Amino acid sequence: MIAKLREAFNRQFTTEKYQSFLSEIESQFDHKPPFRIAETPVFIPESLKEHLFKATDLIVDVITDPSFKEKTEGSLHESYRVPYEDDHTTFLQMDYGITTNDEGELIPQLIEVQGFPSLYFYQDLVANMYARHFTSPKGFSHLFVESGEAYIQKLRETIVGDEDARNVVLMEVEPERQTTRIDFLLAEQILGIKTICISKLKKSGRTIYYEGDDGKLVEVRRIFNRVIRDELLQRNDLPREFHMNDDVDVDWVGHPNWFFRISKYTLPLLQNEYVPDTWFLKDVEQIPENLEDYVLKPLFSFSGAGVIFHVSRDAIEQTHDPSNYILQKKVRYDPVIITPNEPVKCEVRMLMIWDKGAPRPVMVNNLARLSKGEMIGVKYNKDKDWVGGSVGLFPVQ
């Protein structure tokens, strides 16, 4: 996006450097991430940075409003409501598609909001690997805190807190099979916590345990929650003693209820220049004529599951539960990053952490995804290069 930096990066890029970059990431844990890692970081110009910060602040204004919980009560079905919900989410992310306005200025448009942790550990690793294997411009950083050490300390304070790391677990559904496993491995290495499948947790009264490497039971006092509730609710084949809505004596790091509250359900509540028009389908009184400009999304799906990109009147009228869908104006991703062949589209995710009792969350890191397909996602980018997961490098003040 910054022509001078882009030209310099593309000039010095070689396949050999890229393969060395990938090999070092894989060698960290003898693990090859199943998602594609892009050949390049994204160089964010100052003007786009300002827009991203402004857009994020405007959305945070809505989420920090005292009425937000009341407005999002409809997102929580009683059958999967988890007790002891805290005052606000711990993790907050916003995905923006990068577009251009009529004046040719780069502008972010909101795609989704998430009250659930993203790749907070891996994004730091991949940014450092780009810097190690390719020329890294001075005065740019992927972080919004003062240093890498301060960033890791922030994650440690948030996830482990005052507990012994032995009593903190990263909980997932079959973590060894998850696409994001490399992030779990990094969390284990950096924080000293245990990654465990929810089916392996044991319960006695209001206390839950896991089996340590020595075969002895270890009490769990804090759960760094990485379980996608949509996935768990579909896993009737997964026998377990502990259920997320059990009344247990544990602190949630990322309380599960916020996955539902801060999601697509939030989008109709947001109205500003960075948010495309969005409605709950049940509230749409007249179906728009120009349906090619809209996308139909189920409220509680993950990774694009169930999204109807080419919307038809029949698709809307045949929707069994309109209260579970939103109709959103499409964001036109523009190909803004020049590569050695065709230019690519870009999405930027701002990663935030909200300390207990703090008035607002703070930005700490970011994630970028590059695409040559119709949408961001693996199935739209098969057999393509210069696409996949990446990170934004922002100018430092």
# chains A, B, ... in the order shown; residues from 1 in each chain; ligands from 1

$ closest_atom_pairs --of "segment 89-149 of chain A" --to "segment 45-63 of chain A" --cutoff "9 Å" --atoms "only C-alpha atoms" --output "Markdown table"
| residue | atom | partner | partner_atom | distance |
| --- | --- | --- | --- | --- |
| A:Met94 | CA | A:Thr56 | CA | 7.3 |
| A:Tyr96 | CA | A:Leu52 | CA | 8.2 |
| A:Ile98 | CA | A:Leu48 | CA | 9.0 |
| A:Glu105 | CA | A:Leu48 | CA | 8.2 |
| A:Leu106 | CA | A:Leu48 | CA | 5.9 |
| A:Ile107 | CA | A:Leu48 | CA | 6.4 |
| A:Pro108 | CA | A:Leu52 | CA | 6.3 |
| A:Gln109 | CA | A:Ala55 | CA | 8.4 |
| A:Leu110 | CA | A:Ala55 | CA | 8.3 |
| A:Val113 | CA | A:Ile59 | CA | 9.0 |

$ write_last_selection --atoms "N, CA and C atoms" --output "PDB file, in the first residue's frame"
ATOM      1  N   MET A  94     -11.885  -6.502  15.392  1.00  0.00           N
ATOM      2  CA  MET A  94     -12.705  -5.953  14.322  1.00  0.00           C
ATOM      3  C   MET A  94     -12.019  -6.203  12.996  1.00  0.00           C
ATOM      4  N   TYR A  96     -11.771  -5.481   8.982  1.00  0.00           N
ATOM      5  CA  TYR A  96     -12.094  -4.442   8.003  1.00  0.00           C
ATOM      6  C   TYR A  96     -11.613  -4.848   6.611  1.00  0.00           C
ATOM      7  N   ILE A  98     -10.435  -3.546   3.057  1.00  0.00           N
ATOM      8  CA  ILE A  98      -9.826  -2.296   2.603  1.00  0.00           C
ATOM      9  C   ILE A  98     -10.350  -1.953   1.222  1.00  0.00           C
ATOM     10  N   GLU A 105      -8.693   7.346  -1.962  1.00  0.00           N
ATOM     11  CA  GLU A 105      -8.133   7.181  -0.632  1.00  0.00           C
ATOM     12  C   GLU A 105      -8.504   5.813  -0.073  1.00  0.00           C
ATOM     13  N   LEU A 106      -7.561   5.156   0.605  1.00  0.00           N
ATOM     14  CA  LEU A 106      -7.818   3.861   1.217  1.00  0.00           C
ATOM     15  C   LEU A 106      -8.706   4.026   2.443  1.00  0.00           C
ATOM     16  N   ILE A 107      -9.805   3.263   2.476  1.00  0.00           N
ATOM     17  CA  ILE A 107     -10.795   3.373   3.535  1.00  0.00           C
ATOM     18  C   ILE A 107     -11.149   1.976   4.049  1.00  0.00           C
ATOM     19  N   PRO A 108     -11.201   1.781   5.382  1.00  0.00           N
ATOM     20  CA  PRO A 108     -11.659   0.489   5.915  1.00  0.00           C
ATOM     21  C   PRO A 108     -13.180   0.430   6.001  1.00  0.00           C
ATOM     22  N   GLN A 109     -13.723  -0.748   5.728  1.00  0.00           N
ATOM     23  CA  GLN A 109     -15.148  -0.992   5.902  1.00  0.00           C
ATOM     24  C   GLN A 109     -15.312  -2.242   6.764  1.00  0.00           C
ATOM     25  N   LEU A 110     -16.113  -2.123   7.803  1.00  0.00           N
ATOM     26  CA  LEU A 110     -16.256  -3.199   8.772  1.00  0.00           C
ATOM     27  C   LEU A 110     -16.887  -4.440   8.147  1.00  0.00           C
ATOM     28  N   VAL A 113     -17.306  -8.074  13.873  1.00  0.00           N
ATOM     29  CA  VAL A 113     -16.782  -7.774  15.206  1.00  0.00           C
ATOM     30  C   VAL A 113     -16.790  -9.079  15.991  1.00  0.00           C
TER      31      VAL A 113
END

$ select_by_dssp --residues "segment 176-392 of chain A" --states "strand (DSSP E or B)" --output "NGL selection string"
:A and (194-197 or 202-204 or 207-211 or 217-220 or 222-225 or 251-253 or 278-280 or 294-298 or 308 or 325-329 or 337 or 344-353 or 362-371 or 388-390 or 392)

$ residues_around --residues "Phe184 of chain A" --least-positions-apart "4" --cutoff "9 Å" --atoms "only C-alpha atoms" --output "ChimeraX atom specification"
/A:119,121-122,170,175,180,188-189,195

$ residues_around --residues "Phe134 of chain A" --least-positions-apart "4" --cutoff "8 Å" --atoms "only C-alpha atoms" --output "NGL selection string"
:A and (9 or 12-13 or 17 or 130)

$ closest_residue --among "A:Trp354, A:Glu347, A:Asn272, A:Asn167" --to "Gly388 of chain A" --atoms "only C-alpha atoms"
A:Glu347

$ residues_around --residues "Ser204 of chain A" --least-positions-apart "6" --cutoff "10 Å" --atoms "only C-alpha atoms" --output "PyMOL selection string"
chain A and resi 241-242+248

$ write_last_selection --atoms "N, CA and C atoms" --output "CSV table (one decimal), in the first residue's frame"
chain,number,residue,atom,x,y,z
A,241,GLU,N,-17.4,-34.6,31.1
A,241,GLU,CA,-17.9,-34.4,32.5
A,241,GLU,C,-18.3,-32.9,32.7
A,242,PHE,N,-17.5,-32.0,32.0
A,242,PHE,CA,-17.7,-30.6,32.2
A,242,PHE,C,-18.4,-30.0,31.0
A,248,VAL,N,-19.4,-23.7,38.1
A,248,VAL,CA,-18.1,-24.2,38.6
A,248,VAL,C,-17.3,-22.9,39.1

$ select_by_dssp --residues "segment 70-196 of chain A" --states "alpha helix (DSSP H)" --output "PyMOL selection string"
chain A and resi 70-71+122-133+148-159+181-191

$ residues_around --residues "Ser141 of chain A" --least-positions-apart "3" --cutoff "7 Å" --atoms "only C-alpha atoms" --output "list in words"
Leu393, Phe394, Pro395 and Val396 of chain A

$ write_last_selection --atoms "C-alpha atoms" --output "CSV table (one decimal), in the first residue's frame"
chain,number,residue,atom,x,y,z
A,393,LEU,CA,3.1,-3.0,9.7
A,394,PHE,CA,2.0,0.4,10.9
A,395,PRO,CA,4.0,3.6,11.1
A,396,VAL,CA,5.1,4.3,14.6

$ residues_around --residues "segment 256-261 of chain A" --least-positions-apart "2" --cutoff "8 Å" --atoms "only C-alpha atoms" --output "list in words"
Lys69, Thr72, Glu73, Ser75, Leu76, Arg81, Val82, Glu85, His88, Thr89, Gln114, Gly115, Phe116, Asn225, Arg229, Trp252, Gly254, Ser263, Tyr265, Thr266 and Phe300 of chain A

$ decode --residues "segment 105-195 of chain A" --atoms "C-alpha atoms" --output "PDB file, in the first residue's frame"
ATOM      1  CA  GLU A 105      -8.133   7.181  -0.632  1.00  0.00           C
ATOM      2  CA  LEU A 106      -7.818   3.861   1.217  1.00  0.00           C
ATOM      3  CA  ILE A 107     -10.795   3.373   3.535  1.00  0.00           C
ATOM      4  CA  PRO A 108     -11.659   0.489   5.915  1.00  0.00           C
ATOM      5  CA  GLN A 109     -15.148  -0.992   5.902  1.00  0.00           C
ATOM      6  CA  LEU A 110     -16.256  -3.199   8.772  1.00  0.00           C
ATOM      7  CA  ILE A 111     -16.835  -6.881   8.005  1.00  0.00           C
ATOM      8  CA  GLU A 112     -17.277  -8.351  11.468  1.00  0.00           C
ATOM      9  CA  VAL A 113     -16.782  -7.774  15.206  1.00  0.00           C
ATOM     10  CA  GLN A 114     -15.656 -10.562  17.538  1.00  0.00           C
ATOM     11  CA  GLY A 115     -15.669 -10.849  21.325  1.00  0.00           C
ATOM     12  CA  PHE A 116     -13.370 -13.850  21.214  1.00  0.00           C
ATOM     13  CA  PRO A 117      -9.575 -14.304  21.156  1.00  0.00           C
ATOM     14  CA  SER A 118      -7.735 -14.420  17.853  1.00  0.00           C
ATOM     15  CA  LEU A 119      -4.119 -15.375  17.044  1.00  0.00           C
ATOM     16  CA  TYR A 120      -2.549 -13.092  19.636  1.00  0.00           C
ATOM     17  CA  PHE A 121       0.600 -15.222  19.975  1.00  0.00           C
ATOM     18  CA  TYR A 122       1.113 -16.336  16.379  1.00  0.00           C
ATOM     19  CA  GLN A 123       0.764 -12.815  14.969  1.00  0.00           C
ATOM     20  CA  ASP A 124       3.738 -11.684  17.014  1.00  0.00           C
ATOM     21  CA  LEU A 125       5.777 -14.651  15.789  1.00  0.00           C
ATOM     22  CA  VAL A 126       4.964 -14.198  12.094  1.00  0.00           C
ATOM     23  CA  ALA A 127       5.737 -10.461  12.223  1.00  0.00           C
ATOM     24  CA  ASN A 128       9.145 -11.222  13.726  1.00  0.00           C
ATOM     25  CA  MET A 129       9.773 -13.886  11.087  1.00  0.00           C
ATOM     26  CA  TYR A 130       9.012 -11.425   8.266  1.00  0.00           C
ATOM     27  CA  ALA A 131      11.530  -9.029   9.833  1.00  0.00           C
ATOM     28  CA  ARG A 132      14.138 -11.779  10.145  1.00  0.00           C
ATOM     29  CA  HIS A 133      13.917 -13.084   6.565  1.00  0.00           C
ATOM     30  CA  PHE A 134      13.088  -9.947   4.583  1.00  0.00           C
ATOM     31  CA  THR A 135      14.151  -6.321   4.735  1.00  0.00           C
ATOM     32  CA  SER A 136      12.036  -4.655   7.409  1.00  0.00           C
ATOM     33  CA  PRO A 137      11.381  -0.891   7.134  1.00  0.00           C
ATOM     34  CA  LYS A 138      12.414   1.273  10.059  1.00  0.00           C
ATOM     35  CA  GLY A 139       9.728   3.185  11.917  1.00  0.00           C
ATOM     36  CA  PHE A 140       7.052   0.492  11.456  1.00  0.00           C
ATOM     37  CA  SER A 141       5.603  -2.053  13.866  1.00  0.00           C
ATOM     38  CA  HIS A 142       2.830  -4.636  14.059  1.00  0.00           C
ATOM     39  CA  LEU A 143       2.293  -3.762  17.736  1.00  0.00           C
ATOM     40  CA  PHE A 144       0.477  -0.868  19.407  1.00  0.00           C
ATOM     41  CA  VAL A 145       2.364  -1.202  22.692  1.00  0.00           C
ATOM     42  CA  GLU A 146       5.876   0.043  23.434  1.00  0.00           C
ATOM     43  CA  SER A 147       7.786  -3.200  22.846  1.00  0.00           C
ATOM     44  CA  GLY A 148       7.558  -6.917  22.191  1.00  0.00           C
ATOM     45  CA  GLU A 149       8.402  -7.575  25.830  1.00  0.00           C
ATOM     46  CA  ALA A 150       5.561  -5.311  26.974  1.00  0.00           C
ATOM     47  CA  TYR A 151       3.197  -7.138  24.613  1.00  0.00           C
ATOM     48  CA  ILE A 152       4.041 -10.569  26.015  1.00  0.00           C
ATOM     49  CA  GLN A 153       3.738  -9.218  29.551  1.00  0.00           C
ATOM     50  CA  LYS A 154       0.283  -7.877  28.673  1.00  0.00           C
ATOM     51  CA  LEU A 155      -0.788 -11.320  27.454  1.00  0.00           C
ATOM     52  CA  ARG A 156       0.642 -12.941  30.586  1.00  0.00           C
ATOM     53  CA  GLU A 157      -1.186 -10.531  32.912  1.00  0.00           C
ATOM     54  CA  THR A 158      -4.434 -11.026  30.977  1.00  0.00           C
ATOM     55  CA  ILE A 159      -4.409 -14.810  30.686  1.00  0.00           C
ATOM     56  CA  VAL A 160      -2.469 -16.077  33.723  1.00  0.00           C
ATOM     57  CA  GLY A 161      -3.007 -13.125  36.036  1.00  0.00           C
ATOM     58  CA  ASP A 162      -2.050 -13.852  39.654  1.00  0.00           C
ATOM     59  CA  GLU A 163      -2.536 -17.601  39.325  1.00  0.00           C
ATOM     60  CA  ASP A 164       0.158 -20.244  39.017  1.00  0.00           C
ATOM     61  CA  ALA A 165       0.398 -21.094  35.280  1.00  0.00           C
ATOM     62  CA  ARG A 166      -0.077 -24.759  36.242  1.00  0.00           C
ATOM     63  CA  ASN A 167      -3.669 -23.922  37.242  1.00  0.00           C
ATOM     64  CA  VAL A 168      -4.479 -22.180  33.959  1.00  0.00           C
ATOM     65  CA  VAL A 169      -5.596 -24.061  30.841  1.00  0.00           C
ATOM     66  CA  LEU A 170      -6.192 -23.124  27.234  1.00  0.00           C
ATOM     67  CA  MET A 171      -9.423 -24.988  26.473  1.00  0.00           C
ATOM     68  CA  GLU A 172     -10.432 -26.094  22.979  1.00  0.00           C
ATOM     69  CA  VAL A 173     -12.283 -28.867  21.178  1.00  0.00           C
ATOM     70  CA  GLU A 174      -9.647 -31.393  20.054  1.00  0.00           C
ATOM     71  CA  PRO A 175      -6.915 -28.720  19.953  1.00  0.00           C
ATOM     72  CA  GLU A 176      -4.483 -30.973  18.099  1.00  0.00           C
ATOM     73  CA  ARG A 177      -6.832 -30.913  15.089  1.00  0.00           C
ATOM     74  CA  GLN A 178      -7.502 -27.166  15.026  1.00  0.00           C
ATOM     75  CA  THR A 179      -6.229 -24.925  12.214  1.00  0.00           C
ATOM     76  CA  THR A 180      -4.986 -22.474  14.860  1.00  0.00           C
ATOM     77  CA  ARG A 181      -2.912 -25.046  16.761  1.00  0.00           C
ATOM     78  CA  ILE A 182       0.329 -23.089  16.289  1.00  0.00           C
ATOM     79  CA  ASP A 183      -1.152 -20.288  18.403  1.00  0.00           C
ATOM     80  CA  PHE A 184      -1.887 -22.793  21.189  1.00  0.00           C
ATOM     81  CA  LEU A 185       1.650 -24.171  21.037  1.00  0.00           C
ATOM     82  CA  LEU A 186       3.062 -20.665  21.358  1.00  0.00           C
ATOM     83  CA  ALA A 187       0.772 -19.880  24.298  1.00  0.00           C
ATOM     84  CA  GLU A 188       1.987 -23.039  26.047  1.00  0.00           C
ATOM     85  CA  GLN A 189       5.641 -22.201  25.426  1.00  0.00           C
ATOM     86  CA  ILE A 190       5.429 -18.540  26.392  1.00  0.00           C
ATOM     87  CA  LEU A 191       3.032 -18.729  29.356  1.00  0.00           C
ATOM     88  CA  GLY A 192       3.664 -22.249  30.624  1.00  0.00           C
ATOM     89  CA  ILE A 193      -0.044 -23.117  30.537  1.00  0.00           C
ATOM     90  CA  LYS A 194      -1.638 -26.411  29.501  1.00  0.00           C
ATOM     91  CA  THR A 195      -3.699 -26.825  26.316  1.00  0.00           C
TER      92      THR A 195
END
